[in-house]
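What's in entry_8.cif: mmCIF, C-alpha atoms
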```
data_protein
loop_
_atom_site.label_atom_id
_atom_site.label_comp_id
_atom_site.auth_asym_id
_atom_site.auth_seq_id
_atom_site.Cartn_x
_atom_site.Cartn_y
_atom_site.Cartn_z
CA MET L 1 -4.34 14.21 7.99
CA HIS L 2 -5.42 16.08 11.08
CA VAL L 3 -3.49 19.13 12.29
CA ASP L 4 -3.46 19.64 16.07
CA ASN L 5 -2.46 23.20 16.92
CA SER L 6 -2.35 22.63 20.68
CA SER L 7 1.31 21.61 20.95
CA GLU L 8 3.24 23.07 23.85
CA ASN L 9 5.82 24.88 21.70
CA GLY L 10 3.20 26.40 19.42
CA GLU L 11 4.26 24.35 16.39
CA ASP L 12 1.74 22.57 14.21
CA VAL L 13 1.65 18.86 15.02
CA VAL L 14 0.57 16.62 12.18
CA MET L 15 -1.09 13.41 13.30
CA LYS L 16 -1.37 10.60 10.80
CA ASP L 17 -4.73 8.87 11.06
CA LYS L 18 -3.17 5.69 12.45
CA LEU L 19 0.18 5.80 14.19
CA LEU L 20 2.17 3.83 16.68
CA PRO L 21 1.12 4.79 20.24
CA LYS L 22 2.30 8.23 21.40
CA MET L 23 4.07 8.90 18.09
CA LYS L 24 3.57 12.40 16.75
CA GLN L 25 4.86 13.99 13.60
CA VAL L 26 5.81 17.63 13.78
CA SER L 27 5.23 19.59 10.58
CA LYS L 28 8.57 21.33 10.88
CA CYS L 29 11.69 20.16 9.05
CA SER L 30 14.56 19.58 11.48
CA TYR L 31 17.04 20.71 8.79
CA CYS L 32 15.70 24.02 7.43
CA GLU L 33 13.28 24.50 10.36
CA ASN L 34 10.55 25.59 7.94
CA ASN L 35 7.00 24.29 7.95
CA SER L 36 6.72 21.04 5.99
CA GLY L 37 2.99 20.48 6.36
CA GLU L 38 2.16 21.48 2.77
CA SER L 39 5.00 19.60 1.06
CA LEU L 40 4.32 16.38 -0.85
CA LYS L 41 7.93 15.20 -0.54
CA THR L 42 8.59 14.64 3.14
CA VAL L 43 9.46 11.76 5.43
CA PRO L 44 9.10 11.54 9.24
CA CYS L 45 12.08 10.90 11.50
CA LEU L 46 11.44 7.78 13.56
CA GLU L 47 13.12 9.32 16.61
CA CYS L 48 11.91 12.93 16.91
CA GLY L 49 8.85 12.79 14.63
CA SER L 50 9.99 15.78 12.58
CA ARG L 51 8.59 15.54 9.05
CA CYS L 52 11.63 16.51 6.99
CA HIS L 53 11.84 17.70 3.40
CA ILE L 54 13.41 15.06 1.17
CA ASP L 55 15.40 17.85 -0.48
CA CYS L 56 16.98 18.77 2.86
CA ILE L 57 18.28 15.32 3.76
CA ASN L 58 22.02 15.08 3.16
CA CYS L 59 22.25 11.38 2.24
CA THR L 60 19.61 11.74 -0.50
CA ALA L 61 21.28 14.72 -2.19
CA LYS L 62 22.33 12.77 -5.29
CA PHE L 63 18.97 11.11 -5.90
CA LYS L 64 16.40 13.35 -4.20
CA HIS L 65 14.92 14.24 -7.61
CA LYS L 66 14.06 10.56 -8.15
CA ILE L 67 11.92 10.17 -5.02
CA LEU L 68 8.25 10.26 -5.91
CA LEU L 69 5.60 12.50 -4.37
CA GLY L 70 3.74 11.05 -1.39
CA ASP L 71 6.31 8.29 -0.89
CA ASP L 72 7.45 8.22 2.73
CA PHE L 73 7.90 4.46 3.08
CA PHE L 74 11.40 4.90 4.42
CA HIS L 75 13.15 3.94 7.64
CA PHE L 76 14.56 7.40 8.36
CA LYS L 77 16.41 9.05 11.25
CA CYS L 78 17.45 12.67 10.84
CA HIS L 79 20.85 14.26 11.38
CA LYS L 80 19.96 15.64 14.81
CA CYS L 81 18.92 12.24 16.13
CA THR L 82 21.97 10.41 14.76
CA ASP L 83 24.75 12.97 15.39
CA GLY L 84 25.00 13.56 11.67
CA ASN L 85 24.93 9.89 10.65
CA GLU L 86 21.56 9.85 8.92
CA ARG L 87 19.75 6.59 8.35
CA PHE L 88 17.67 6.20 5.19
CA ARG L 89 16.40 2.78 4.09
CA ARG L 90 13.52 1.54 1.95
CA TYR L 91 10.67 -0.44 3.49
CA HIS L 92 9.05 -3.34 1.67
CA LEU L 93 6.23 -2.14 -0.58
CA SER L 94 3.03 -4.04 -1.24
CA TRP L 95 1.04 -3.76 -4.46
CA VAL L 96 -1.46 -1.40 -2.86
CA ASP L 97 1.42 0.88 -1.76
CA VAL L 98 2.82 0.97 -5.30
CA VAL L 99 -0.55 1.59 -6.94
CA HIS L 100 -1.36 4.36 -4.45
CA ILE L 101 2.01 6.09 -4.94
CA THR L 102 1.43 5.86 -8.68
CA LEU L 103 -2.02 7.45 -8.61
CA PHE L 104 -0.73 10.11 -6.19
CA ASN L 105 1.96 11.13 -8.69
CA LEU L 106 -0.33 10.93 -11.71
CA THR L 107 -2.72 13.26 -9.87
CA HIS L 108 -0.24 15.81 -8.54
CA ASN L 109 2.56 15.78 -11.10
CA PRO L 110 1.43 16.16 -14.74
CA ALA L 111 5.06 15.88 -15.89
CA ALA L 112 5.17 12.32 -14.51
CA ARG L 113 2.26 11.09 -16.62
CA PRO L 114 3.26 8.54 -19.28
CA SER L 115 3.57 10.00 -22.74
CA GLY L 116 4.79 8.95 -26.14
CA ALA L 117 4.07 5.85 -28.17
CA ASP L 118 3.53 2.42 -26.68
CA PRO L 119 5.26 0.25 -29.31
CA SER L 120 4.20 -3.03 -27.73
CA ASN L 121 0.59 -1.85 -27.34
CA GLN L 122 0.72 -3.49 -23.91
CA PHE L 123 -0.96 -0.54 -22.19
CA GLY L 124 -3.56 0.45 -24.77
CA GLY L 125 -7.00 1.81 -23.96
CA GLU L 126 -8.63 5.02 -22.78
CA HIS L 127 -6.30 7.09 -20.64
CA GLY L 128 -6.40 9.94 -18.16
CA PRO L 129 -6.54 12.49 -16.88
CA GLN L 130 -10.33 12.54 -16.98
CA GLU L 131 -12.82 14.44 -14.81
CA TYR L 132 -16.43 13.29 -14.52
CA GLY L 133 -18.00 15.75 -12.09
CA ASP L 134 -16.90 14.77 -8.59
CA SER L 135 -13.72 16.94 -8.61
CA ARG L 136 -11.52 13.82 -8.75
CA VAL L 137 -9.01 13.10 -11.51
CA TYR L 138 -9.36 9.64 -13.05
CA PHE L 139 -6.73 7.51 -14.76
CA HIS L 140 -6.87 4.22 -16.61
CA TYR L 141 -5.54 1.22 -14.72
CA LYS L 142 -3.56 -0.03 -17.71
CA ALA L 143 -2.83 2.95 -19.97
CA ASP L 144 -1.80 5.17 -17.03
CA VAL L 145 -1.26 3.22 -13.80
CA ALA L 146 0.36 0.09 -15.18
CA ARG L 147 2.48 2.07 -17.64
CA PHE L 148 3.76 4.36 -14.88
CA ILE L 149 4.64 1.33 -12.73
CA ASP L 150 6.40 -0.28 -15.68
CA GLN L 151 8.50 2.84 -16.25
CA HIS L 152 9.39 3.09 -12.56
CA TRP L 153 9.72 -0.62 -11.76
CA ALA L 154 13.32 -0.35 -10.51
CA TYR L 155 12.25 2.45 -8.16
CA PHE L 156 9.88 0.15 -6.30
CA TRP L 157 11.56 -3.27 -6.42
CA THR L 158 14.50 -5.34 -7.60
CA LYS L 159 12.34 -8.37 -8.37
CA ALA L 160 11.49 -9.37 -11.93
CA ARG L 161 8.10 -8.68 -13.46
CA GLY L 162 5.77 -11.64 -13.23
CA GLU L 163 3.51 -12.62 -16.10
CA THR L 164 0.41 -11.37 -14.26
CA TRP L 165 1.77 -8.21 -12.63
CA ILE L 166 -0.80 -5.94 -14.31
CA ASN L 167 -3.56 -8.14 -12.85
CA SER L 168 -1.94 -7.69 -9.41
CA ALA L 169 -2.10 -3.92 -9.81
CA SER L 170 -5.74 -4.10 -10.93
CA SER L 171 -6.60 -6.34 -7.99
CA ALA L 172 -5.04 -3.87 -5.54
CA LEU L 173 -7.29 -1.13 -6.94
CA SER L 174 -10.54 -3.10 -6.71
CA THR L 175 -9.77 -4.70 -3.33
CA ASN L 176 -9.11 -1.30 -1.73
CA SER L 177 -11.91 0.61 -3.45
CA THR L 178 -14.76 2.40 -1.71
CA GLU L 179 -17.04 -0.37 -2.95
CA ASN L 180 -15.19 -3.02 -0.97
CA VAL L 181 -14.05 -0.81 1.93
CA PRO L 182 -16.84 1.79 2.26
CA GLU L 183 -15.51 3.41 5.42
CA ASP L 184 -11.91 3.96 4.32
CA GLY L 185 -11.43 2.92 0.71
CA ARG L 186 -8.42 4.44 -1.02
CA PHE L 187 -9.63 4.31 -4.61
CA GLU L 188 -12.74 5.49 -6.43
CA SER L 189 -14.00 3.40 -9.35
CA GLY L 190 -15.04 5.26 -12.50
CA LYS L 191 -16.92 2.13 -13.58
CA ALA L 192 -19.07 2.10 -10.42
CA LYS L 193 -19.88 5.83 -10.49
CA TYR L 194 -19.88 6.80 -14.17
CA ASN L 195 -19.76 3.50 -16.09
CA LYS L 196 -16.20 4.34 -17.21
CA ASN L 197 -14.43 1.01 -17.49
CA GLY L 198 -10.93 0.80 -16.03
CA MET L 199 -10.85 4.39 -14.73
CA TRP L 200 -9.69 5.03 -11.16
CA ALA L 201 -9.10 8.03 -8.90
CA LEU L 202 -7.89 8.65 -5.37
CA THR L 203 -10.67 8.98 -2.83
CA ASP L 204 -8.68 11.66 -0.99
CA ASP L 205 -5.85 12.99 -3.12
CA LEU L 206 -4.17 14.78 -0.20
CA ARG L 207 -3.69 11.73 2.03
CA PHE L 208 -0.27 10.12 1.87
CA PRO L 209 -0.47 6.39 1.10
CA SER L 210 1.16 5.55 4.44
CA SER L 211 -1.70 7.21 6.34
CA TYR L 212 -3.88 4.18 5.53
CA ASP L 213 -1.55 1.78 7.35
CA SER L 214 -3.11 0.05 10.34
CA LEU L 215 -1.17 -0.28 13.58
CA GLN L 216 -0.38 -3.90 12.73
CA GLN L 217 0.83 -2.94 9.26
CA GLN L 218 3.18 -0.36 10.75
CA LYS L 219 4.53 -2.96 13.14
CA THR L 220 5.20 -5.45 10.37
CA ARG L 221 6.85 -3.03 7.93
CA THR L 222 10.28 -4.48 7.19
CA ILE L 223 13.42 -2.81 5.91
CA MET L 224 14.04 -4.25 2.46
CA TYR L 225 16.66 -2.10 0.72
CA THR L 226 19.44 0.38 1.18
CA PHE L 227 20.46 2.84 -1.55
CA ALA L 228 23.40 3.23 -3.90
CA GLU L 229 24.73 6.74 -4.52
CA ASP L 230 22.57 7.10 -7.61
CA GLY L 231 19.45 6.05 -5.72
CA SER L 232 19.20 2.51 -7.09
CA LEU L 233 18.02 -0.13 -4.64
CA ILE L 234 20.41 -2.56 -2.96
CA GLU L 235 18.64 -5.52 -1.38
CA LEU L 236 19.49 -6.27 2.23
CA ARG L 237 20.06 -10.01 2.08
CA THR L 238 21.07 -10.56 5.69
CA GLN L 239 19.65 -9.28 8.93
CA ALA L 240 21.37 -9.26 12.30
CA THR L 241 19.72 -11.58 14.81
CA ASN L 242 20.02 -12.18 18.51
CA GLY L 243 22.08 -15.25 19.30
CA ARG L 244 19.23 -16.56 21.44
CA ARG L 245 16.95 -16.74 18.42
CA LYS L 246 18.58 -19.16 16.04
CA ARG L 247 16.54 -20.29 13.09
CA ARG L 248 16.04 -24.01 13.04
CA THR L 249 17.32 -25.36 9.76
CA ASP L 250 16.09 -28.86 10.65
CA ALA L 251 12.51 -27.57 10.78
CA THR L 252 12.31 -26.97 7.04
CA PRO L 253 12.58 -30.21 5.09
CA LYS L 254 12.60 -29.57 1.37
CA ALA L 255 11.89 -31.67 -1.64
CA ALA L 256 13.34 -30.95 -5.04
CA GLY L 257 11.94 -27.99 -6.90
CA SER L 258 11.48 -24.29 -6.20
CA ARG L 259 8.77 -22.63 -4.16
CA ALA L 260 6.22 -21.18 -6.51
CA LYS L 261 2.50 -20.80 -6.93
CA LYS L 262 1.17 -24.30 -7.24
CA PRO L 263 -0.97 -24.86 -10.34
CA ARG L 264 -4.29 -26.59 -10.08
CA ALA L 265 -4.05 -30.23 -11.06
CA GLY L 266 -6.39 -32.04 -13.43
CA ALA L 267 -9.79 -33.04 -12.08
CA HIS L 268 -10.01 -36.27 -10.13
CA SER L 269 -12.59 -37.64 -7.74
CA GLY L 270 -12.65 -36.39 -4.16
CA ASN L 271 -9.54 -34.23 -4.35
CA ASP L 272 -9.03 -30.68 -5.60
CA TYR L 273 -5.27 -30.85 -5.84
CA ALA L 274 -2.73 -33.58 -6.38
CA SER L 275 -1.11 -35.07 -3.30
CA PRO L 276 2.52 -34.36 -2.42
CA GLY L 277 3.01 -37.89 -1.14
CA ALA L 278 5.61 -39.64 -3.26
CA GLY L 279 3.97 -43.01 -2.64
CA SER L 280 0.38 -41.94 -3.23
CA LYS L 281 -1.45 -42.61 -6.48
CA ARG L 282 -2.54 -39.00 -6.75
CA GLY L 283 1.03 -37.82 -6.27
CA ALA L 284 2.30 -40.27 -8.86
CA ARG L 285 -0.37 -39.14 -11.31
CA ALA L 286 0.45 -35.44 -10.92
CA ARG L 287 4.25 -35.85 -10.72
CA ARG L 288 4.68 -32.51 -8.98
CA ALA L 289 7.66 -31.63 -6.78
CA TRP L 290 6.89 -29.83 -3.52
CA SER L 291 9.01 -27.38 -1.59
CA ILE L 292 7.86 -26.84 1.99
CA GLY L 293 8.55 -23.29 3.11
CA MET L 294 8.07 -22.29 6.75
CA TRP L 295 7.52 -18.67 7.72
CA PRO L 296 8.00 -17.02 11.13
CA ASP L 297 5.00 -16.87 13.46
CA ILE L 298 3.65 -13.39 14.19
CA ASP L 299 2.47 -12.19 17.61
CA ASN L 300 -1.26 -11.56 17.90
CA PRO L 301 -2.37 -7.93 17.57
CA GLN L 302 -4.31 -6.21 20.32
CA GLY L 303 -8.09 -6.34 20.28
CA PRO L 304 -10.62 -9.00 19.29
CA ALA L 305 -10.01 -11.52 16.54
CA HIS L 306 -11.14 -10.59 13.03
CA MET L 307 -10.36 -11.47 9.43
CA SER L 308 -6.96 -10.01 8.65
CA ARG L 309 -6.10 -7.91 5.62
CA GLU L 310 -2.36 -8.35 6.19
CA GLU L 311 -0.49 -9.74 3.18
CA THR L 312 0.88 -12.48 5.47
CA HIS L 313 -2.67 -13.62 6.27
CA ALA L 314 -4.90 -13.17 3.21
CA ALA L 315 -4.57 -13.59 -0.53
CA ALA L 316 -4.83 -10.26 -2.33
CA GLN L 317 -7.86 -11.48 -4.31
CA TYR L 318 -10.00 -11.75 -1.18
CA VAL L 319 -12.46 -9.02 -0.24
CA ILE L 320 -12.67 -8.48 3.51
CA GLU L 321 -15.61 -6.23 4.25
CA SER L 322 -15.62 -3.30 6.67
CA ASP L 323 -16.92 -5.37 9.60
CA ARG L 324 -13.71 -7.47 9.32
CA LEU L 325 -15.87 -10.57 9.81
CA THR L 326 -17.25 -11.09 6.30
CA VAL L 327 -14.94 -12.43 3.61
CA TRP L 328 -15.46 -13.55 0.04
CA ASN L 329 -13.56 -14.25 -3.15
CA ASP L 330 -14.92 -13.80 -6.64
CA LYS L 331 -13.17 -16.70 -8.30
CA GLY L 332 -10.77 -19.53 -7.46
CA TYR L 333 -9.69 -21.35 -4.31
CA ARG L 334 -7.50 -19.17 -2.09
CA MET L 335 -7.10 -18.62 1.63
CA ALA L 336 -7.78 -15.83 4.13
CA LYS L 337 -6.83 -16.19 7.78
CA ALA L 338 -7.97 -14.58 11.00
CA SER L 339 -5.82 -12.05 12.84
CA HIS L 340 -5.03 -14.24 15.87
CA GLY L 341 -3.27 -17.57 16.22
CA VAL L 342 -3.35 -20.14 19.05
CA GLU L 343 -0.70 -22.41 20.52
CA THR L 344 -2.35 -24.71 23.04
CA GLY L 345 -5.76 -25.54 24.48
CA ALA L 346 -9.25 -26.08 23.07
CA TRP L 347 -10.51 -23.47 20.59
CA TYR L 348 -13.85 -23.18 18.83
CA PHE L 349 -15.33 -20.78 16.31
CA GLU L 350 -18.48 -20.61 14.23
CA ALA L 351 -18.97 -19.33 10.69
CA GLN L 352 -22.24 -18.45 9.00
CA ILE L 353 -22.33 -19.45 5.33
CA LEU L 354 -23.70 -16.66 3.11
CA PRO L 355 -25.02 -17.00 -0.46
CA GLY L 356 -22.22 -17.33 -2.99
CA VAL L 357 -21.31 -14.60 -5.45
CA ARG L 358 -21.45 -17.23 -8.19
CA PRO L 359 -23.92 -20.12 -8.64
CA GLU L 360 -21.08 -22.66 -8.70
CA ALA L 361 -19.50 -21.28 -5.51
CA ASN L 362 -17.81 -23.67 -3.10
CA LEU L 363 -15.73 -23.19 0.02
CA ARG L 364 -13.52 -24.78 2.62
CA ILE L 365 -13.25 -23.85 6.26
CA GLY L 366 -10.72 -24.94 8.86
CA TRP L 367 -7.44 -24.09 10.58
CA SER L 368 -4.10 -23.04 9.10
CA GLN L 369 -0.66 -22.11 10.39
CA ILE L 370 0.96 -18.87 9.23
CA SER L 371 2.90 -20.89 6.62
CA GLY L 372 -0.26 -22.13 4.88
CA GLU L 373 -0.17 -21.23 1.17
CA LEU L 374 -2.48 -18.26 0.49
CA GLN L 375 -2.86 -18.90 -3.23
CA ALA L 376 -4.41 -22.29 -2.55
CA PRO L 377 -7.34 -23.59 -0.47
CA CYS L 378 -7.19 -24.46 3.21
CA GLY L 379 -6.04 -28.09 3.51
CA TYR L 380 -3.85 -27.84 0.43
CA ASP L 381 -0.52 -28.26 2.23
CA VAL L 382 0.87 -29.74 5.44
CA PHE L 383 0.16 -26.51 7.33
CA SER L 384 -3.64 -26.56 7.16
CA TYR L 385 -6.74 -28.70 7.74
CA SER L 386 -10.17 -28.10 6.28
CA MET L 387 -13.62 -29.37 5.37
CA ARG L 388 -15.18 -28.70 1.97
CA ALA L 389 -18.85 -27.76 1.60
CA SER L 390 -19.69 -29.90 -1.43
CA PRO L 391 -19.03 -32.72 -1.83
CA CYS L 392 -18.43 -33.06 1.91
CA THR L 393 -14.71 -33.79 2.17
CA ARG L 394 -11.99 -33.17 4.75
CA PHE L 395 -8.53 -32.19 3.52
CA HIS L 396 -4.97 -32.14 4.80
CA ALA L 397 -1.85 -31.96 2.60
CA ALA L 398 -4.16 -32.06 -0.46
CA ILE L 399 -5.45 -35.52 0.45
CA GLY L 400 -9.24 -35.69 0.75
CA SER L 401 -11.60 -38.19 2.35
CA HIS L 402 -15.36 -38.28 2.79
CA TYR L 403 -16.50 -36.58 6.00
CA GLY L 404 -19.74 -35.28 7.52
CA VAL L 405 -22.61 -33.85 5.52
CA GLU L 406 -22.76 -31.16 2.88
CA PHE L 407 -23.42 -27.58 3.99
CA GLY L 408 -24.32 -24.35 2.24
CA PRO L 409 -25.95 -20.89 2.50
CA GLY L 410 -27.88 -20.41 5.72
CA ASP L 411 -25.89 -23.02 7.64
CA THR L 412 -23.69 -22.21 10.63
CA ILE L 413 -20.55 -24.33 10.88
CA GLY L 414 -18.75 -24.91 14.17
CA VAL L 415 -15.04 -25.72 14.09
CA LEU L 416 -13.30 -27.15 17.16
CA MET L 417 -9.59 -27.79 17.62
CA TYR L 418 -7.69 -29.16 20.59
CA LEU L 419 -3.95 -28.56 20.96
CA PRO L 420 -2.14 -30.39 23.79
CA GLU L 421 0.00 -28.70 26.41
CA LEU L 422 3.55 -27.98 25.31
CA ASP L 423 6.70 -29.18 27.01
CA ASN L 424 9.68 -26.86 27.53
CA ASP L 425 11.41 -27.87 24.28
CA GLU L 426 8.25 -27.29 22.28
CA ARG L 427 7.72 -23.88 23.87
CA GLN L 428 11.30 -22.93 23.03
CA ASP L 429 10.79 -24.11 19.47
CA LEU L 430 7.76 -21.85 19.13
CA ALA L 431 9.69 -18.93 20.64
CA ASP L 432 12.51 -19.47 18.14
CA ARG L 433 10.01 -19.35 15.29
CA LYS L 434 8.54 -15.96 16.28
CA TRP L 435 9.19 -13.02 13.99
CA ARG L 436 10.84 -9.97 15.54
CA PRO L 437 9.78 -6.51 14.29
CA GLY L 438 12.66 -4.85 12.49
CA GLU L 439 13.84 -8.04 10.84
CA ARG L 440 12.99 -8.80 7.25
CA TYR L 441 10.02 -11.16 7.10
CA ARG L 442 11.13 -14.16 5.06
CA GLN L 443 11.15 -17.91 4.97
CA PHE L 444 13.39 -19.94 7.24
CA THR L 445 16.41 -21.42 5.49
#
```
Go ahead and express the file in the form of C-alpha cells.
Amino acid sequence: MHVDNSSENGEDVVMKDKLLPKMKQVSKCSYCENNSGESLKTVPCLECGSRCHIDCINCTAKFKHKILLGDDFFHFKCHKCTDGNERFRRYHLSWVDVVHITLFNLTHNPAARPSGADPSNQFGGEHGPQEYGDSRVYFHYKADVARFIDQHWAYFWTKARGETWINSASSALSTNSTENVPEDGRFESGKAKYNKNGMWALTDDLRFPSSYDSLQQQKTRTIMYTFAEDGSLIELRTQATNGRRKRRTDATPKAAGSRAKKPRAGAHSGNDYASPGAGSKRGARARRAWSIGMWPDIDNPQGPAHMSREETHAAAQYVIESDRLTVWNDKGYRMAKASHGVETGAWYFEAQILPGVRPEANLRIGWSQISGELQAPCGYDVFSYSMRASPCTRFHAAIGSHYGVEFGPGDTIGVLMYLPELDNDERQDLADRKWRPGERYRQFT
C-alpha cells in the first residue's frame, strides 16, 4: 500500500496498488472516525472510499469475530452512504484469494494456526511457522495451508470439496510465486530459496490480498453470497437483469449428462479426445455424454492484447510469464486464451514456438470462444478450432484430420481467421450474450 498525505482535508489517503479509476480509499473509519490504516480487519465502502473497521459495521455485529484478517472481498456500502441501510455481501473467491487469505492469517494470527491431532493423517508433513533467514514466516502447503482451508471451508464457499482440492491450493501457490511472476509474485517458495519442500511464505505480509487484483479482475468480481445472522453464507441464486437483455435459452442445446471436467479418452489414431458426435465411430467407441455450456461474452479490457490470467480465460495450471506474452504448462493439455476477443473481420496473429519444458511436449494453437473448455485442449469442443504440432492435425469438436506440416521449437506460426459481417439479428444476439458487471458470472440456462 502507498499512503498519500496530500489530501485536501489533511487525512491520510490509502491508495491500493491497482484500483478502479479515480477511486481512493480514505484510512479513516466512517463509523468511529478513527484512523484505520493500521488495522488488518477493514473493508472499503464502495461509495465514499472510507476504509471501515469490520468491528464497527452494524450488520456484521453478530459474526464480526468470524471474519478473517486481510479479507476485504466484500461488496460493502457504509451507513452514511446508505442512510443507515448498510450493504454487505461476499464476492466470489478464487483459489489464489483463499490461499492468500489463509497465509495472511497464519502469518499474523498465531491463534488461528491449526493445532491438535490430524486423525486422518491427510495433512501430514513438516509444518510452520518456520524462519529461514529472510525475515519471512514459512508454512507448509498441506500441514498448515490446506488444513486451515479445510477447517474454514464454509467461510469461503458453499460448494463441496472436490477430490483434488489440495492440488488446486498447491497450484495457486506455485502459479503466483515470485518464480513465475517475478515482478509481483504473491508467494515465496521455501523450496526455491532454501530447499525446503512444500514451505511457502507471503512475499509482502502487509499487503492485503485484494491489492493484487488487476483492473480487469476488479471489474469482473461478482457478488456470490449474502449472510445469515450467524455469518454463514447464503448463495445468491438469482440476479436481477434488465428486460432488454434476455438470456437466450434456445442458444444452449444440451445432451444428457452433467457438465464436468471431461476425462481423457483412450488412445486412438489422429484424435486426442473422443468425438461428441452420436453417429461418429469415435463417439460410439467412447460412449460419453456431452453437455454444452455457453458462458457470457466479456468486453475487451483497455490496452493491447496479451495472454490473460483471468480465471475465465486460462486454466489455473498455466504459467503466464511477466511479459504477458509467454505461456506454458508443465503437464497435460489445457487452454489459455488472450485478453481480447473479436466479432467480425479478418484477424491474424503469430506465435513463436519455444523449447518445451518436457521432451515429449506437444501443443495446439488456434481460436476459441469464451465458452471453450479450459481444462481441455483448443479444438476439444464446439467452441474452438486448432492445429496440433505433431502429428500435424487440425481439430474442431474433438474431431481431427491431417493438415499442414509438423512444427516445433524455433518455428513461427501464423493464424488467420475471417469472420463475416453480422446482420442486425446477429448483432443483437451478441449483445444479449454480453456479461454485465455486477451480475453473477454463470452459464446460460
*Could you tell me which residues the PyMOL selection byres ((chain L and resi 409-413) around 12) grabs in this file, written as a ChimeraX atom specification?*
/L:348-357,359,361-366,386-390,404-408,414-416
Based on the selection just made, write C-alpha atoms of those residues as a PDB file, keeping the file's coordinate frame.
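And here is the file that came out, part06.pdb:
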```
ATOM      1  CA  TYR L 348     -13.850 -23.180  18.830  1.00  0.00           C
ATOM      2  CA  PHE L 349     -15.330 -20.780  16.310  1.00  0.00           C
ATOM      3  CA  GLU L 350     -18.480 -20.610  14.230  1.00  0.00           C
ATOM      4  CA  ALA L 351     -18.970 -19.330  10.690  1.00  0.00           C
ATOM      5  CA  GLN L 352     -22.240 -18.450   9.000  1.00  0.00           C
ATOM      6  CA  ILE L 353     -22.330 -19.450   5.330  1.00  0.00           C
ATOM      7  CA  LEU L 354     -23.700 -16.660   3.110  1.00  0.00           C
ATOM      8  CA  PRO L 355     -25.020 -17.000  -0.460  1.00  0.00           C
ATOM      9  CA  GLY L 356     -22.220 -17.330  -2.990  1.00  0.00           C
ATOM     10  CA  VAL L 357     -21.310 -14.600  -5.450  1.00  0.00           C
ATOM     11  CA  PRO L 359     -23.920 -20.120  -8.640  1.00  0.00           C
ATOM     12  CA  ALA L 361     -19.500 -21.280  -5.510  1.00  0.00           C
ATOM     13  CA  ASN L 362     -17.810 -23.670  -3.100  1.00  0.00           C
ATOM     14  CA  LEU L 363     -15.730 -23.190   0.020  1.00  0.00           C
ATOM     15  CA  ARG L 364     -13.520 -24.780   2.620  1.00  0.00           C
ATOM     16  CA  ILE L 365     -13.250 -23.850   6.260  1.00  0.00           C
ATOM     17  CA  GLY L 366     -10.720 -24.940   8.860  1.00  0.00           C
ATOM     18  CA  SER L 386     -10.170 -28.100   6.280  1.00  0.00           C
ATOM     19  CA  MET L 387     -13.620 -29.370   5.370  1.00  0.00           C
ATOM     20  CA  ARG L 388     -15.180 -28.700   1.970  1.00  0.00           C
ATOM     21  CA  ALA L 389     -18.850 -27.760   1.600  1.00  0.00           C
ATOM     22  CA  SER L 390     -19.690 -29.900  -1.430  1.00  0.00           C
ATOM     23  CA  GLY L 404     -19.740 -35.280   7.520  1.00  0.00           C
ATOM     24  CA  VAL L 405     -22.610 -33.850   5.520  1.00  0.00           C
ATOM     25  CA  GLU L 406     -22.760 -31.160   2.880  1.00  0.00           C
ATOM     26  CA  PHE L 407     -23.420 -27.580   3.990  1.00  0.00           C
ATOM     27  CA  GLY L 408     -24.320 -24.350   2.240  1.00  0.00           C
ATOM     28  CA  GLY L 414     -18.750 -24.910  14.170  1.00  0.00           C
ATOM     29  CA  VAL L 415     -15.040 -25.720  14.090  1.00  0.00           C
ATOM     30  CA  LEU L 416     -13.300 -27.150  17.160  1.00  0.00           C
TER      31      LEU L 416
END
```
*For His140 in chain L, which of L:His402, L:Lys159, L:His75, L:Lys196 is the closest residue, counting all atoms listed in the file?*
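Residue with the minimum atom-to-atom distance to His140 in chain L: L:Lys196.
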Residues selected by the PyMOL selection byres ((chain L and resi 48) around 10), written as a PDB file with C-alpha atoms, keeping the file's coordinate frame:
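To be explicit, this is the file written out as expr.pdb:
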```pdb
ATOM      1  CA  MET L  23       4.070   8.900  18.090  1.00  0.00           C
ATOM      2  CA  LYS L  24       3.570  12.400  16.750  1.00  0.00           C
ATOM      3  CA  GLN L  25       4.860  13.990  13.600  1.00  0.00           C
ATOM      4  CA  VAL L  26       5.810  17.630  13.780  1.00  0.00           C
ATOM      5  CA  SER L  30      14.560  19.580  11.480  1.00  0.00           C
ATOM      6  CA  PRO L  44       9.100  11.540   9.240  1.00  0.00           C
ATOM      7  CA  CYS L  45      12.080  10.900  11.500  1.00  0.00           C
ATOM      8  CA  LEU L  46      11.440   7.780  13.560  1.00  0.00           C
ATOM      9  CA  GLU L  47      13.120   9.320  16.610  1.00  0.00           C
ATOM     10  CA  GLY L  49       8.850  12.790  14.630  1.00  0.00           C
ATOM     11  CA  SER L  50       9.990  15.780  12.580  1.00  0.00           C
ATOM     12  CA  ARG L  51       8.590  15.540   9.050  1.00  0.00           C
ATOM     13  CA  LYS L  77      16.410   9.050  11.250  1.00  0.00           C
ATOM     14  CA  CYS L  78      17.450  12.670  10.840  1.00  0.00           C
ATOM     15  CA  LYS L  80      19.960  15.640  14.810  1.00  0.00           C
ATOM     16  CA  CYS L  81      18.920  12.240  16.130  1.00  0.00           C
TER      17      CYS L  81
END
```
*Which one is closest to Ile370 in chain L: L:Cys52, L:Ala398, L:Met294, L:Ala305? Count all atoms listed in the file.*
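Under the stated criterion, the closest residue is L:Met294.
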_Could you list, as a PyMOL selection string, every residue within 7 Å of Phe63 in chain L, counting all atoms listed in the file and ignoring same-chain residues fewer than 3 positions away?_
chain L and resi 60+66+230-231
